[in-house]
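A.B. asks: What follows is run-v4.cif, mmCIF, C-alpha atoms.
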data_protein
#
loop_
_atom_site.label_atom_id
_atom_site.label_comp_id
_atom_site.auth_asym_id
_atom_site.auth_seq_id
_atom_site.Cartn_x
_atom_site.Cartn_y
_atom_site.Cartn_z
CA MET A 23 33.64 -62.37 -22.83
CA VAL A 24 31.37 -61.66 -25.81
CA PHE A 25 30.09 -58.13 -26.19
CA LEU A 26 27.08 -57.41 -28.41
CA SER A 27 28.26 -54.00 -29.53
CA ARG A 28 30.87 -51.34 -28.98
CA ALA A 29 28.21 -49.42 -27.08
CA GLN A 30 28.01 -52.27 -24.56
CA VAL A 31 31.78 -52.17 -24.01
CA LEU A 32 31.57 -48.43 -23.49
CA THR A 33 28.64 -48.80 -21.08
CA ALA A 34 30.40 -51.50 -19.07
CA PHE A 35 33.68 -49.66 -18.62
CA GLY A 36 31.96 -46.29 -18.23
CA ALA A 37 29.81 -47.63 -15.40
CA LEU A 38 32.82 -49.27 -13.76
CA ALA A 39 34.81 -46.03 -13.96
CA LEU A 40 31.87 -44.09 -12.50
CA ALA A 41 31.53 -46.60 -9.65
CA LEU A 42 35.21 -46.22 -8.80
CA TYR A 43 34.94 -42.44 -8.99
CA VAL A 44 31.91 -42.44 -6.65
CA LEU A 45 33.76 -44.63 -4.15
CA ASP A 46 36.76 -42.32 -4.36
CA LEU A 47 34.47 -39.34 -3.63
CA VAL A 48 33.26 -41.14 -0.53
CA ARG A 49 36.85 -41.88 0.48
CA ARG A 50 37.76 -38.19 0.18
CA ARG A 51 34.60 -37.24 2.12
CA ARG A 52 33.27 -35.25 -0.83
CA LEU A 53 30.16 -37.48 -0.97
CA SER A 54 28.38 -38.80 2.08
CA GLU A 55 27.76 -42.54 2.43
CA GLU A 56 24.03 -41.87 2.42
CA PHE A 57 24.07 -40.18 -0.97
CA SER A 58 26.45 -42.73 -2.45
CA VAL A 59 24.00 -45.62 -2.00
CA LEU A 60 21.93 -44.90 -5.11
CA TRP A 61 25.01 -44.06 -7.17
CA VAL A 62 26.83 -47.26 -6.24
CA LEU A 63 23.70 -49.32 -6.84
CA ALA A 64 23.13 -47.73 -10.25
CA THR A 65 26.71 -48.09 -11.46
CA VAL A 66 27.04 -51.67 -10.19
CA VAL A 67 23.79 -52.78 -11.84
CA ILE A 68 24.69 -51.12 -15.14
CA ALA A 69 28.24 -52.45 -15.05
CA ALA A 70 26.88 -55.95 -14.38
CA LEU A 71 24.54 -55.66 -17.37
CA GLY A 72 27.44 -54.34 -19.45
CA PHE A 73 29.96 -57.03 -18.58
CA SER A 74 27.63 -60.04 -18.58
CA THR A 75 26.02 -60.39 -21.98
CA SER A 76 24.06 -63.45 -20.81
CA LEU A 77 22.58 -61.49 -17.90
CA LEU A 78 21.76 -58.58 -20.21
CA THR A 79 19.94 -60.76 -22.77
CA LYS A 80 18.14 -62.70 -20.03
CA VAL A 81 16.84 -59.51 -18.37
CA THR A 82 15.92 -58.05 -21.76
CA HIS A 83 13.87 -61.12 -22.72
CA ALA A 84 12.32 -61.40 -19.28
CA LEU A 85 11.09 -57.81 -19.53
CA GLY A 86 9.88 -58.33 -23.09
CA ILE A 87 12.23 -55.64 -24.42
CA LEU A 88 13.30 -56.08 -28.06
CA TYR A 89 16.71 -54.46 -27.97
CA GLU A 90 19.36 -54.91 -25.26
CA GLY A 91 20.41 -51.28 -25.39
CA SER A 92 16.95 -50.21 -24.24
CA THR A 93 17.34 -52.30 -21.08
CA VAL A 94 20.44 -50.38 -20.11
CA PHE A 95 18.73 -47.07 -20.89
CA ALA A 96 15.66 -48.05 -18.87
CA CYS A 97 17.88 -48.95 -15.92
CA GLY A 98 19.78 -45.69 -16.12
CA LEU A 99 16.57 -43.69 -16.38
CA ALA A 100 15.02 -45.49 -13.42
CA PHE A 101 18.03 -44.72 -11.26
CA ALA A 102 18.14 -41.10 -12.43
CA LEU A 103 14.47 -40.66 -11.48
CA ALA A 104 15.02 -42.31 -8.10
CA MET A 105 17.98 -40.03 -7.49
CA LEU A 106 16.00 -36.89 -8.38
CA LEU A 107 13.08 -37.85 -6.17
CA HIS A 108 15.49 -38.59 -3.33
CA LEU A 109 17.14 -35.19 -3.80
CA SER A 110 13.79 -33.36 -3.95
CA THR A 111 12.57 -34.87 -0.70
CA LYS A 112 15.95 -34.20 0.88
CA LEU A 113 15.79 -30.59 -0.28
CA SER A 114 12.29 -30.15 1.13
CA ARG A 115 13.48 -31.42 4.50
CA LEU A 116 16.55 -29.22 4.42
CA THR A 117 14.33 -26.21 3.67
CA GLN A 118 12.16 -27.01 6.68
CA GLU A 119 15.23 -27.31 8.87
CA LYS A 120 16.63 -24.06 7.47
CA ASP A 121 13.36 -22.28 8.30
CA GLY A 122 13.48 -23.61 11.84
CA LEU A 123 17.06 -22.45 12.30
CA THR A 124 16.28 -19.05 10.79
CA ARG A 125 13.44 -18.63 13.30
CA GLU A 126 15.70 -19.76 16.13
CA ILE A 127 18.32 -17.14 15.17
CA ALA A 128 15.64 -14.42 15.10
CA PHE A 129 14.52 -15.32 18.64
CA LEU A 130 18.05 -15.58 19.99
CA ARG A 131 18.93 -12.20 18.53
CA LEU A 132 15.86 -10.54 20.07
CA GLU A 133 16.53 -12.11 23.46
CA LEU A 134 20.15 -10.99 23.28
CA GLU A 135 19.04 -7.44 22.51
CA GLU A 136 16.59 -7.52 25.42
CA LEU A 137 19.29 -8.81 27.78
CA ARG A 138 21.74 -6.15 26.64
CA GLY A 139 19.06 -3.46 26.92
CA GLY A 140 18.20 -4.63 30.42
CA ARG A 141 21.85 -4.62 31.51
CA ARG A 142 22.35 -1.14 30.11
CA ALA A 143 19.27 0.05 32.01
CA ASP A 144 20.62 -1.54 35.22
CA ALA A 145 24.00 0.11 34.72
CA GLY A 146 22.19 3.43 34.19
CA GLU A 147 20.36 3.10 37.50
CA ASP A 148 23.60 2.28 39.38
CA ALA A 149 25.39 5.36 38.06
CA MET B 206 -9.21 -4.35 26.13
CA ASN B 207 -6.23 -5.66 28.07
CA GLY B 208 -2.86 -4.55 26.74
CA ARG B 209 -1.24 -7.95 27.10
CA ASP B 210 -4.09 -9.66 25.31
CA VAL B 211 -3.56 -8.71 21.71
CA LEU B 212 -0.39 -8.84 19.66
CA VAL B 213 -0.36 -7.25 16.22
CA ILE B 214 2.13 -9.18 14.08
CA VAL B 215 3.51 -7.20 11.15
CA PRO B 216 5.48 -9.33 8.67
CA ALA B 217 7.76 -6.97 6.74
CA HIS B 218 10.04 -7.56 3.79
CA ASP B 219 11.86 -4.48 2.48
CA GLU B 220 9.26 -2.11 3.93
CA GLU B 221 11.41 0.67 5.42
CA GLU B 222 9.22 3.35 3.82
CA SER B 223 5.73 2.12 4.62
CA LEU B 224 6.51 0.67 8.05
CA PRO B 225 6.72 3.89 10.14
CA PRO B 226 3.30 5.25 9.03
CA THR B 227 1.77 1.79 9.50
CA LEU B 228 3.19 1.44 13.02
CA ALA B 229 2.14 4.99 13.90
CA ALA B 230 -1.39 4.30 12.68
CA VAL B 231 -1.62 1.12 14.78
CA ARG B 232 -0.40 2.97 17.84
CA GLU B 233 -2.92 5.74 17.27
CA ARG B 234 -5.95 3.60 16.41
CA ALA B 235 -5.24 0.64 18.69
CA PRO B 236 -3.09 1.80 21.63
CA TRP B 237 -4.32 -1.22 23.63
CA ALA B 238 -2.46 -3.66 21.37
CA ASP B 239 1.20 -4.66 21.46
CA VAL B 240 3.05 -4.75 18.16
CA LEU B 241 5.75 -7.09 16.81
CA VAL B 242 7.56 -6.66 13.51
CA VAL B 243 8.91 -9.77 11.84
CA ASP B 244 11.59 -8.64 9.41
CA ASP B 245 11.66 -11.40 6.83
CA GLY B 246 15.21 -11.09 5.55
CA SER B 247 14.95 -7.49 4.33
CA ARG B 248 17.91 -5.97 2.57
CA ASP B 249 16.90 -2.43 3.52
CA ALA B 250 16.65 -0.76 6.93
CA THR B 251 13.31 -2.35 7.88
CA SER B 252 14.63 -3.68 11.21
CA ALA B 253 16.31 -0.43 12.20
CA VAL B 254 13.25 1.62 11.26
CA ALA B 255 10.98 -0.63 13.32
CA ARG B 256 13.30 -0.50 16.35
CA ALA B 257 13.40 3.28 16.04
CA CYS B 258 9.60 3.19 16.39
CA GLY B 259 10.10 1.37 19.70
CA VAL B 260 8.71 -1.94 18.47
CA PRO B 261 10.33 -5.33 19.14
CA VAL B 262 11.75 -6.88 15.98
CA LEU B 263 12.34 -10.52 15.11
CA ARG B 264 14.72 -10.54 12.17
CA HIS B 265 15.07 -13.55 9.87
CA PRO B 266 18.60 -13.64 8.42
CA VAL B 267 17.10 -15.09 5.21
CA ASN B 268 13.70 -14.71 3.58
CA LEU B 269 11.14 -17.34 4.58
CA GLY B 270 7.98 -15.93 2.99
CA VAL B 271 4.79 -14.48 4.52
CA GLY B 272 3.77 -17.75 6.13
CA GLY B 273 7.18 -18.30 7.68
CA ALA B 274 7.18 -14.77 9.08
CA LEU B 275 3.69 -15.21 10.48
CA GLN B 276 4.66 -18.48 12.14
CA THR B 277 7.56 -16.70 13.82
CA GLY B 278 5.09 -14.10 15.11
CA PHE B 279 2.80 -16.85 16.41
CA ARG B 280 5.64 -18.42 18.36
CA TYR B 281 6.45 -15.07 19.94
CA ALA B 282 2.78 -14.60 20.86
CA ILE B 283 2.64 -18.05 22.46
CA GLU B 284 5.91 -17.61 24.34
CA ARG B 285 4.89 -14.21 25.71
CA GLY B 286 1.40 -15.26 26.67
CA TYR B 287 -0.80 -13.33 24.25
CA ALA B 288 -4.40 -14.48 23.85
CA ILE B 289 -4.88 -13.19 20.31
CA GLY B 290 -2.56 -12.57 17.37
CA VAL B 291 -3.49 -10.27 14.53
CA GLN B 292 -1.77 -10.42 11.17
CA LEU B 293 -1.42 -6.96 9.64
CA ASP B 294 0.44 -6.06 6.45
CA ALA B 295 3.33 -3.61 6.72
CA ASP B 296 2.43 -1.86 3.48
CA GLY B 297 -0.49 0.11 4.94
CA GLN B 298 -3.31 -1.58 3.05
CA HIS B 299 -4.92 -2.75 6.30
CA ASP B 300 -6.61 0.00 8.29
CA PRO B 301 -5.83 -0.26 12.04
CA ALA B 302 -9.20 1.44 12.65
CA ASP B 303 -10.73 -1.98 11.94
CA LEU B 304 -8.56 -3.77 14.53
CA ALA B 305 -11.11 -3.65 17.35
CA ALA B 306 -13.87 -5.01 15.11
CA LEU B 307 -11.55 -7.74 13.79
CA VAL B 308 -10.43 -8.85 17.25
CA ALA B 309 -13.87 -8.73 18.92
CA PRO B 310 -15.34 -12.01 17.59
CA VAL B 311 -12.22 -13.96 18.69
CA GLN B 312 -12.08 -12.20 22.03
CA GLU B 313 -15.74 -12.92 22.71
CA GLY B 314 -15.20 -16.56 21.78
CA ARG B 315 -17.53 -16.43 18.79
CA CYS B 316 -14.85 -17.78 16.49
CA ASP B 317 -11.18 -18.84 16.40
CA VAL B 318 -10.12 -17.07 13.23
CA SER B 319 -11.57 -13.74 12.25
CA ILE B 320 -10.92 -12.71 8.65
CA GLY B 321 -11.04 -9.11 7.53
CA SER B 322 -12.93 -9.21 4.26
CA ARG B 323 -13.04 -6.62 1.50
CA TYR B 324 -16.26 -8.12 0.14
CA VAL B 325 -18.65 -8.70 3.01
CA ALA B 326 -19.86 -5.12 2.80
CA ARG B 327 -19.03 -1.42 2.48
CA SER B 328 -15.93 -1.63 0.32
CA ASP B 329 -14.75 0.28 -2.68
CA TYR B 330 -11.70 -1.94 -3.13
CA ARG B 331 -11.15 -2.91 -6.78
CA ALA B 332 -8.66 -5.68 -7.51
CA PRO B 333 -7.20 -6.41 -10.95
CA LEU B 334 -9.08 -9.04 -12.97
CA SER B 335 -6.49 -11.82 -12.45
CA ARG B 336 -6.67 -11.30 -8.71
CA ARG B 337 -10.46 -11.27 -8.75
CA LEU B 338 -10.55 -14.53 -10.73
CA GLY B 339 -8.14 -16.08 -8.25
CA MET B 340 -10.26 -14.97 -5.34
CA MET B 341 -13.40 -16.41 -6.94
CA LEU B 342 -11.56 -19.68 -7.57
CA PHE B 343 -10.36 -20.06 -4.00
CA SER B 344 -13.64 -18.89 -2.55
CA GLY B 345 -15.17 -21.73 -4.55
CA VAL B 346 -12.53 -24.19 -3.33
CA VAL B 347 -13.16 -23.26 0.31
CA GLN B 348 -16.93 -23.37 -0.25
CA LEU B 349 -16.63 -26.87 -1.72
CA ALA B 350 -14.31 -28.07 0.98
CA LEU B 351 -16.04 -26.61 4.00
CA GLY B 352 -19.53 -25.70 2.91
CA GLN B 353 -18.85 -22.29 4.37
CA THR B 354 -18.67 -19.09 2.39
CA ILE B 355 -15.47 -17.12 2.82
CA THR B 356 -15.64 -14.14 0.49
CA ASP B 357 -12.03 -13.05 0.92
CA THR B 358 -9.74 -16.08 1.13
CA THR B 359 -6.64 -14.07 0.23
CA SER B 360 -7.13 -11.43 2.90
CA GLY B 361 -3.99 -11.05 4.97
CA TYR B 362 -5.84 -9.17 7.70
CA ARG B 363 -6.84 -11.80 10.25
CA ALA B 364 -7.07 -12.36 13.99
CA TYR B 365 -6.20 -15.76 15.45
CA SER B 366 -6.97 -17.24 18.86
CA ARG B 367 -4.18 -18.60 21.01
CA ALA B 368 -5.29 -22.17 20.30
CA VAL B 369 -4.96 -21.57 16.57
CA MET B 370 -1.52 -19.99 16.95
CA ASP B 371 -0.45 -22.93 19.09
CA HIS B 372 -1.66 -25.38 16.47
CA CYS B 373 0.16 -23.44 13.72
CA GLN B 374 3.48 -23.91 15.50
CA HIS B 375 3.61 -27.44 14.17
CA ASP B 376 1.73 -27.27 10.93
CA PHE B 377 1.67 -24.23 8.71
CA PRO B 378 1.78 -23.46 4.99
CA LYS B 379 5.05 -21.68 4.44
CA ASP B 380 4.63 -19.30 1.53
CA PHE B 381 0.95 -18.43 1.02
CA PRO B 382 -1.08 -18.95 4.19
CA ASP B 383 -4.47 -18.56 2.50
CA ALA B 384 -7.14 -21.06 1.38
CA PRO B 385 -5.22 -24.20 2.44
CA LEU B 386 -4.68 -22.74 5.90
CA LEU B 387 -8.36 -21.90 6.27
CA ILE B 388 -9.35 -25.40 5.13
CA ALA B 389 -6.84 -27.08 7.44
CA LEU B 390 -7.94 -24.99 10.42
CA ALA B 391 -11.64 -25.54 9.80
CA ARG B 392 -11.07 -29.28 9.40
CA ARG B 393 -9.31 -29.23 12.74
CA GLY B 394 -12.49 -27.85 14.27
CA PHE B 395 -11.58 -24.17 14.47
CA ARG B 396 -14.40 -21.76 13.62
CA LEU B 397 -13.87 -19.10 10.95
CA SER B 398 -15.83 -15.93 10.45
CA GLU B 399 -15.52 -12.78 8.40
CA VAL B 400 -15.62 -9.16 9.39
CA PRO B 401 -16.02 -6.36 6.85
CA VAL B 402 -12.92 -4.15 6.57
CA ARG B 403 -11.66 -1.46 4.26
CA MET B 404 -8.40 -1.96 2.41
CA ARG B 405 -6.33 0.81 0.97
CA ALA B 406 -3.80 0.92 -1.82
CA ARG B 407 -0.22 0.13 -0.85
CA GLU B 408 1.77 2.95 0.76
CA ALA B 409 5.13 1.97 -0.72
CA GLY B 410 7.36 -1.03 -1.32
CA ARG B 411 6.70 -4.09 -3.41
CA SER B 412 3.98 -6.66 -2.99
CA PHE B 413 5.07 -10.09 -1.77
CA TYR B 414 3.59 -11.40 -5.00
CA THR B 415 6.01 -11.18 -7.94
CA LEU B 416 5.13 -12.55 -11.38
CA GLY B 417 6.66 -15.97 -10.74
CA LYS B 418 4.70 -16.25 -7.52
CA LYS B 419 1.52 -15.14 -9.30
CA LEU B 420 1.81 -18.17 -11.57
CA TYR B 421 2.93 -20.50 -8.79
CA TYR B 422 0.23 -19.33 -6.37
CA PRO B 423 -2.80 -21.03 -7.96
CA TYR B 424 -0.93 -24.29 -8.46
CA LYS B 425 0.46 -24.38 -4.97
CA ASN B 426 -2.77 -23.37 -3.28
CA LEU B 427 -4.96 -25.77 -5.24
CA LEU B 428 -2.61 -28.63 -4.41
CA ALA B 429 -2.26 -27.58 -0.79
CA SER B 430 -6.03 -27.19 -0.45
CA LEU B 431 -6.52 -30.71 -1.78
CA MET B 432 -3.87 -32.03 0.61
CA ALA B 433 -5.46 -30.19 3.52
CA LEU B 434 -8.68 -32.05 2.67
CA LEU B 435 -6.99 -35.43 2.28
CA ARG B 436 -4.97 -35.17 5.50
CA ARG B 437 -6.57 -36.52 8.63
CA PRO B 438 -6.96 -33.69 11.13
CA ALA B 439 -4.25 -34.52 13.67
#
Step by step, read the file and then write its structure as structure tokens.
C.D. replies:
Amino acid sequence: MVFLSRAQVLTAFGALALALYVLDLVRRRRLSEEFSVLWVLATVVIAALGFSTSLLTKVTHALGILYEGSTVFACGLAFALAMLLHLSTKLSRLTQEKDGLTREIAFLRLELEELRGGRRADAGEDA
Amino acid sequence: MNGRDVLVIVPAHDEEESLPPTLAAVRERAPWADVLVVDDGSRDATSAVARACGVPVLRHPVNLGVGGALQTGFRYAIERGYAIGVQLDADGQHDPADLAALVAPVQEGRCDVSIGSRYVARSDYRAPLSRRLGMMLFSGVVQLALGQTITDTTSGYRAYSRAVMDHCQHDFPKDFPDAPLLIALARRGFRLSEVPVRMRAREAGRSFYTLGKKLYYPYKNLLASLMALLRRPA
């Protein structure tokens, strides 16, 4: 295996280690399968570029990039942006769901108070 | 006016001081209306104070914002069969003496949303410059979008028909229910009109609009207005 630079070695093993760590998080149920998809994809793609110099140079030339390192950076940045957009949309949905639940709690609490009030009034009439 | 017809919805966030006089004023000036307080995650005794006034309270365990509180009030109005919902601020700046005039156009079927405006006539209300600029901006936005003049797009003193409240169950701007809401409703075919009202200075408590929100407000409302225009009326 011929590496172009020490940075490439670092990138390759770093990405591999991150992939393993992400999978371990999933195994320990600290990260849901859904959220692991982008992480696994990102680390696998970057590890592949890191370990296969021929793939890295091919992709770099195909994209018209002058320096191989930039390809890896571009990949990482693309995945980071995708991840952030995914999280933002997720957060917006969660906020909507939170609002709905908050409203539901408010209604349940009022109805509970009304029921209790009604029962107390009934008990008062009986006495 | 029928007692079960009109529900006055009072969104309140940390308003324990201004709420009792506001509720008393509503009771005095508009005894024909029912009142609901939506406590939007207050950290003070807002809920307890409202209950002590004999008013039903819907309490959000966390803060959702004015729009979220209003939407909760709308759902209550729909579930309990009210024909009209009026949004009235807890801080005392809306005069309950204007309630009858505000409700009348909706009740008589002349419009679906009746907006209490500081600027239609007879007002000595003076807003700070930044607020006035904002109002001019959003008046312009609404004018452009709808071809209808709404002088007071930021007024939080409005009456809504049951059909509007029903529609808002599914689609409602969460934090600032102003220009984008008016545009969305008008695009949906609901008729808006303005009624002159007086507004007073706040009794106590803080405004919903903190500095961060003051900066966020124009951005959010311009974007939301644009989106309300781009969306197909469902």
A.B. asks: Counting all atoms listed in the file, give me one row per residue of chain B with an atom at most 6 Å from an atom of chain A, showing the shortest contact pair and its distance in Å to one decimal, sorted by chain then residue number, as a Markdown table.
C.D. replies:
| residue | atom | partner | partner_atom | distance |
| --- | --- | --- | --- | --- |
| B:Leu263 | CA | A:Ala128 | CA | 5.1 |
| B:Arg264 | CA | A:Ala128 | CA | 4.9 |
| B:His265 | CA | A:Ala128 | CA | 5.3 |
A.B. asks: Run through the PyMOL selection byres ((chain B and resi 333-346) around 8) on the given coordinates and return the selected residues as a list in words.
C.D. replies: Arg331, Ala332, Val347, Gln348, Leu349, Ala350, Thr354, Ile355, Thr356, Asp357, Thr358, Thr359, Ala384, Pro423, Leu427 and Ser430 of chain B
A.B. asks: Using atom CA of B:Arg367 and atom CA of B:Val262 as the two end points, give the distance in Å to one decimal.
C.D. replies: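 Computed distance, atom CA of B:Arg367 to atom CA of B:Val262, equals 20.4 Å.
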A.B. asks: To one decimal place, how far is atom CA of B:Leu387 from atom CA of B:Ile320 in Å?
C.D. replies: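 Atom CA of B:Ile320 lies at a distance of 9.8 Å from atom CA of B:Leu387.
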A.B. asks: Kindly resolve the PyMOL selection byres ((chain B and resi 245) around 12) on the present coordinates and return the residues as an mmCIF file with C-alpha atoms, in the coordinates of the input.
C.D. replies:
data_model
loop_
_atom_site.group_PDB
_atom_site.id
_atom_site.type_symbol
_atom_site.label_atom_id
_atom_site.label_comp_id
_atom_site.auth_asym_id
_atom_site.auth_seq_id
_atom_site.Cartn_x
_atom_site.Cartn_y
_atom_site.Cartn_z
ATOM 1 C CA ASP A 121 13.360 -22.280 8.300
ATOM 2 C CA THR A 124 16.280 -19.050 10.790
ATOM 3 C CA ARG A 125 13.440 -18.630 13.300
ATOM 4 C CA ALA A 128 15.640 -14.420 15.100
ATOM 5 C CA VAL B 215 3.510 -7.200 11.150
ATOM 6 C CA PRO B 216 5.480 -9.330 8.670
ATOM 7 C CA ALA B 217 7.760 -6.970 6.740
ATOM 8 C CA HIS B 218 10.040 -7.560 3.790
ATOM 9 C CA ASP B 219 11.860 -4.480 2.480
ATOM 10 C CA GLU B 220 9.260 -2.110 3.930
ATOM 11 C CA VAL B 242 7.560 -6.660 13.510
ATOM 12 C CA VAL B 243 8.910 -9.770 11.840
ATOM 13 C CA ASP B 244 11.590 -8.640 9.410
ATOM 14 C CA GLY B 246 15.210 -11.090 5.550
ATOM 15 C CA SER B 247 14.950 -7.490 4.330
ATOM 16 C CA ARG B 248 17.910 -5.970 2.570
ATOM 17 C CA ASP B 249 16.900 -2.430 3.520
ATOM 18 C CA ALA B 250 16.650 -0.760 6.930
ATOM 19 C CA THR B 251 13.310 -2.350 7.880
ATOM 20 C CA SER B 252 14.630 -3.680 11.210
ATOM 21 C CA VAL B 262 11.750 -6.880 15.980
ATOM 22 C CA LEU B 263 12.340 -10.520 15.110
ATOM 23 C CA ARG B 264 14.720 -10.540 12.170
ATOM 24 C CA HIS B 265 15.070 -13.550 9.870
ATOM 25 C CA PRO B 266 18.600 -13.640 8.420
ATOM 26 C CA VAL B 267 17.100 -15.090 5.210
ATOM 27 C CA ASN B 268 13.700 -14.710 3.580
ATOM 28 C CA LEU B 269 11.140 -17.340 4.580
ATOM 29 C CA GLY B 270 7.980 -15.930 2.990
ATOM 30 C CA VAL B 271 4.790 -14.480 4.520
ATOM 31 C CA GLY B 272 3.770 -17.750 6.130
ATOM 32 C CA GLY B 273 7.180 -18.300 7.680
ATOM 33 C CA ALA B 274 7.180 -14.770 9.080
ATOM 34 C CA LEU B 275 3.690 -15.210 10.480
ATOM 35 C CA GLN B 276 4.660 -18.480 12.140
ATOM 36 C CA THR B 277 7.560 -16.700 13.820
ATOM 37 C CA GLY B 278 5.090 -14.100 15.110
ATOM 38 C CA ALA B 295 3.330 -3.610 6.720
ATOM 39 C CA ASP B 380 4.630 -19.300 1.530
ATOM 40 C CA PHE B 413 5.070 -10.090 -1.770
#
A.B. asks: Find the distance between atom CA of B:Val402 and atom CA of B:Leu304 and write it in Å to one decimal.
C.D. replies: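 Those two atoms sit 9.1 Å apart.
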A.B. asks: Decode the PyMOL selection byres ((chain A and resi 81) around 12) for the given file into explicit residues and return them as a ChimeraX atom specification.
C.D. replies: /A:67-68,70-72,74-80,82-94,96-97
A.B. asks: Could you list as a list in words every residue that has an atom within 12 Å of (34.1, -42.6, -9.6), using the file's coordinates and counting only C-alpha atoms?
C.D. replies: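 Protein and nucleic acid residues near the point are Phe35, Gly36, Ala37, Leu38, Ala39, Leu40, Ala41, Leu42, Tyr43, Val44, Leu45, Asp46, Leu47, Val48, Arg49, Arg50, Arg52, Leu53, Ser58, Trp61, Val62, Thr65 and Val66 of chain A.
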A.B. asks: I'd like to know which of B:Pro385, B:Ala391, B:Asp371, B:Asp317 is closest to B:Leu351, using all atoms listed in the file.
C.D. replies: B:Ala391
A.B. asks: Of the candidates A:Leu137, A:Ala100, A:Met105, A:Leu113, which one gets nearest to A:Phe57 if we count only C-alpha atoms?
C.D. replies: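 Checking each candidate against A:Phe57, we get A:Met105 as the closest.
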